[in-house]
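Novice: One structure is given below, represented as structure tokens, and several questions about it will come after.
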Amino acid sequence: YKNNVFLSLICYMNTLIVGHKIIRLDKVDSTNTFLSENLNNSDFFEGIIVVANQQLKGRGQGQNIWLSKDGENLLFSILLKPKCDLNYQYHLNQLIANSICQTLKLYGLDSQIKWPNDILVKNKKIAGILIENKIKGKILDSSIVGIGLNIEQSEFPKELVNPTSMLLELQKNIDKDDVLN
């Protein structure tokens, strides 16, 4: 990767094994909340992923909520423990957003990042990111990275502005686990 920030973060995260353990839940209030409540549980180590078929109280930035039909989208959170200088927290957001865009590109979708937390395809929201950080002094101790990616949803609540999904854009079904991988 060309960006020195990426190399710096990898250096700080040299024990990172994302997806080594995946917890799959049918229903949960929020995957971010679930991870946050279990942060001190020794079974919840860096790189663990929590995936839900449905979030009853999915959250977005600020007071926003994340609405998703049961079983139609990819709703997950990842626990990271960067242990890096607090100044790197924005770079973590950049890495996550760019990773989602790269994943969509694998499926033939050109996407854009609407900073700080939306991913758009043709100016329509296809994904959202919610990163919640735990800070100790000047150190970014842990981050819970929540991602909602619209995969199979074809109908959305009217209150959502310009939503889309991989199904609507590609006109074919996509396997959620393939996208997660």
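Just remember, in the structure tokens the first chain shown is A, the second B, etc., residues are 1-based per chain, and ligands are 1-based in the order shown.
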Just the strand (DSSP E or B) stuff from range 32-175 of chain A, please, per backbone DSSP, written as a PyMOL selection string.

Specialist: chain A and resi 49-55+59+65+74-80+84-85+112-114+118-121+124-136+139-149+163

Novice: Excluding Ser36 in chain A and any residue of its chain fewer than 4 positions from it, enumerate the residues within 12 Å of it, using only C-alpha atoms, and give them as a ChimeraX atom specification.

Specialist: /A:29-32,40-41,44-45,50,77-80,131-134,142-146

Novice: Next, dump the selected residues to file, keeping only N, CA, C and O atoms, as an mmCIF file, in the first residue's frame.

Specialist:
```
data_model
loop_
_atom_site.group_PDB
_atom_site.id
_atom_site.type_symbol
_atom_site.label_atom_id
_atom_site.label_comp_id
_atom_site.auth_asym_id
_atom_site.auth_seq_id
_atom_site.Cartn_x
_atom_site.Cartn_y
_atom_site.Cartn_z
ATOM 1 N N ASP A 29 -29.758 -6.226 19.752
ATOM 2 C CA ASP A 29 -30.074 -4.787 19.717
ATOM 3 C C ASP A 29 -29.172 -4.092 18.715
ATOM 4 O O ASP A 29 -29.622 -3.395 17.830
ATOM 5 N N SER A 30 -27.858 -4.281 18.872
ATOM 6 C CA SER A 30 -26.858 -3.672 17.997
ATOM 7 C C SER A 30 -25.585 -4.495 18.127
ATOM 8 O O SER A 30 -25.203 -4.872 19.240
ATOM 9 N N THR A 31 -24.931 -4.775 17.021
ATOM 10 C CA THR A 31 -23.676 -5.535 17.094
ATOM 11 C C THR A 31 -22.603 -4.721 17.823
ATOM 12 O O THR A 31 -21.801 -5.281 18.564
ATOM 13 N N ASN A 32 -22.591 -3.402 17.645
ATOM 14 C CA ASN A 32 -21.633 -2.560 18.372
ATOM 15 C C ASN A 32 -21.885 -2.629 19.873
ATOM 16 O O ASN A 32 -20.958 -2.776 20.667
ATOM 17 N N ASN A 40 -14.677 -6.684 27.966
ATOM 18 C CA ASN A 40 -13.750 -7.212 28.968
ATOM 19 C C ASN A 40 -13.798 -8.728 29.108
ATOM 20 O O ASN A 40 -13.093 -9.304 29.924
ATOM 21 N N ASN A 41 -14.623 -9.379 28.312
ATOM 22 C CA ASN A 41 -14.709 -10.830 28.308
ATOM 23 C C ASN A 41 -13.482 -11.379 27.567
ATOM 24 O O ASN A 41 -13.190 -10.978 26.441
ATOM 25 N N PHE A 44 -13.497 -12.378 23.924
ATOM 26 C CA PHE A 44 -13.669 -11.339 22.925
ATOM 27 C C PHE A 44 -12.331 -10.640 22.691
ATOM 28 O O PHE A 44 -12.050 -9.606 23.258
ATOM 29 N N PHE A 45 -11.533 -11.240 21.838
ATOM 30 C CA PHE A 45 -10.192 -10.738 21.570
ATOM 31 C C PHE A 45 -10.176 -9.950 20.265
ATOM 32 O O PHE A 45 -11.143 -9.959 19.499
ATOM 33 N N VAL A 50 -18.747 -9.866 15.099
ATOM 34 C CA VAL A 50 -20.111 -10.219 15.485
ATOM 35 C C VAL A 50 -21.012 -9.862 14.313
ATOM 36 O O VAL A 50 -21.047 -8.711 13.872
ATOM 37 N N SER A 77 -19.909 -6.094 13.349
ATOM 38 C CA SER A 77 -18.951 -5.251 14.065
ATOM 39 C C SER A 77 -17.681 -6.039 14.286
ATOM 40 O O SER A 77 -17.708 -7.255 14.466
ATOM 41 N N ILE A 78 -16.569 -5.314 14.274
ATOM 42 C CA ILE A 78 -15.238 -5.896 14.472
ATOM 43 C C ILE A 78 -14.593 -5.206 15.660
ATOM 44 O O ILE A 78 -14.654 -3.980 15.781
ATOM 45 N N LEU A 79 -13.959 -5.985 16.524
ATOM 46 C CA LEU A 79 -13.206 -5.424 17.641
ATOM 47 C C LEU A 79 -11.738 -5.289 17.246
ATOM 48 O O LEU A 79 -11.101 -6.263 16.851
ATOM 49 N N LEU A 80 -11.231 -4.073 17.325
ATOM 50 C CA LEU A 80 -9.818 -3.798 17.051
ATOM 51 C C LEU A 80 -9.190 -3.206 18.308
ATOM 52 O O LEU A 80 -9.846 -2.498 19.062
ATOM 53 N N ILE A 131 -17.833 3.856 14.106
ATOM 54 C CA ILE A 131 -16.651 3.472 14.878
ATOM 55 C C ILE A 131 -16.747 4.115 16.248
ATOM 56 O O ILE A 131 -16.891 5.332 16.363
ATOM 57 N N GLU A 132 -16.676 3.272 17.267
ATOM 58 C CA GLU A 132 -16.708 3.745 18.646
ATOM 59 C C GLU A 132 -15.373 3.393 19.293
ATOM 60 O O GLU A 132 -15.008 2.218 19.368
ATOM 61 N N ASN A 133 -14.675 4.428 19.735
ATOM 62 C CA ASN A 133 -13.326 4.260 20.277
ATOM 63 C C ASN A 133 -13.302 4.350 21.790
ATOM 64 O O ASN A 133 -14.044 5.127 22.387
ATOM 65 N N LYS A 134 -12.432 3.558 22.393
ATOM 66 C CA LYS A 134 -12.106 3.664 23.813
ATOM 67 C C LYS A 134 -10.706 4.254 23.881
ATOM 68 O O LYS A 134 -9.772 3.718 23.259
ATOM 69 N N SER A 142 -9.034 0.785 22.077
ATOM 70 C CA SER A 142 -9.825 -0.179 21.317
ATOM 71 C C SER A 142 -10.833 0.560 20.453
ATOM 72 O O SER A 142 -11.219 1.688 20.745
ATOM 73 N N SER A 143 -11.240 -0.101 19.395
ATOM 74 C CA SER A 143 -12.232 0.437 18.472
ATOM 75 C C SER A 143 -13.218 -0.666 18.124
ATOM 76 O O SER A 143 -12.819 -1.787 17.814
ATOM 77 N N ILE A 144 -14.476 -0.320 18.198
ATOM 78 C CA ILE A 144 -15.515 -1.226 17.717
ATOM 79 C C ILE A 144 -16.012 -0.622 16.408
ATOM 80 O O ILE A 144 -16.525 0.492 16.375
ATOM 81 N N VAL A 145 -15.790 -1.369 15.336
ATOM 82 C CA VAL A 145 -16.117 -0.901 13.989
ATOM 83 C C VAL A 145 -17.392 -1.588 13.533
ATOM 84 O O VAL A 145 -17.391 -2.787 13.264
ATOM 85 N N GLY A 146 -18.473 -0.833 13.480
ATOM 86 C CA GLY A 146 -19.742 -1.364 13.016
ATOM 87 C C GLY A 146 -19.953 -1.001 11.556
ATOM 88 O O GLY A 146 -19.716 0.138 11.151
#
```

Novice: Would you list the contacts of Tyr88 in chain A as a PyMOL selection string, taking every protein, DNA or RNA residue within 8 Å and counting only C-alpha atoms, but skipping same-chain residues closer than 3 positions in sequence?

Specialist: chain A and resi 9+84-85+91-92+140

Novice: Using only C-alpha atoms, which residue out of A:Lys122, A:Leu160, A:Glu46, A:Leu180 lies closest to Ser99 in chain A?

Specialist: A:Leu180

Novice: Of the residues A:Val121, A:Leu149, A:Cys101, A:Leu130, which is the one nearest to Leu170 in chain A, using only C-alpha atoms?

Specialist: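 Checking each candidate against Leu170 in chain A, we get A:Val121 as the closest.
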
Novice: Given the choices A:Ile100, A:Leu167, A:Leu35, A:Leu74, which gets closest to Gln54 in chain A if the distance is worked out from only C-alpha atoms?

Specialist: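 Looking at the shortest contact to Gln54 in chain A, the residue is A:Leu74.
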
Novice: Counting only C-alpha atoms, figure out which residue out of A:Asp43, A:Thr33, A:Lys83, A:Glu169 gets nearest to Leu104 in chain A.

Specialist: A:Glu169

Novice: Just list as a list in words whatever in range 75-153 of chain A DSSP marks as helix (DSSP H, G or I).

Specialist: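 Everything in range 75-153 of chain A that counts as helix (DSSP H, G or I) is Leu86, Asn87, Tyr88, Gln89, Tyr90, His91, Leu92, Asn93, Gln94, Leu95, Ile96, Ala97, Asn98, Ser99, Ile100, Cys101, Gln102, Thr103, Leu104, Lys105 and Leu106 of chain A.
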
Novice: Do you have the CA of Val18 in chain A-CA of Asn181 in chain A distance handy?

Specialist: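 Separating CA of Val18 in chain A from CA of Asn181 in chain A is a distance of 9.9 Å.
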
Novice: Excluding Gln171 in chain A and any residue of its chain fewer than 6 positions from it, enumerate the residues within 12 Å of it, using only C-alpha atoms, and give them as a list in words.

Specialist: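 The residues that qualify are Tyr107, Gly108, Leu109, Ile151, Glu152, Gln153, Ser154, Thr164 and Ser165 of chain A.
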
Novice: Enter the distance from CA of Ile113 in chain A to CA of Ala97 in chain A, in Å, rounded to one decimal.

Specialist: 6.8 Å

Novice: How far is it from CA of Asn150 in chain A to CA of Asn73 in chain A, in Å with one decimal?

Specialist: 4.8 Å
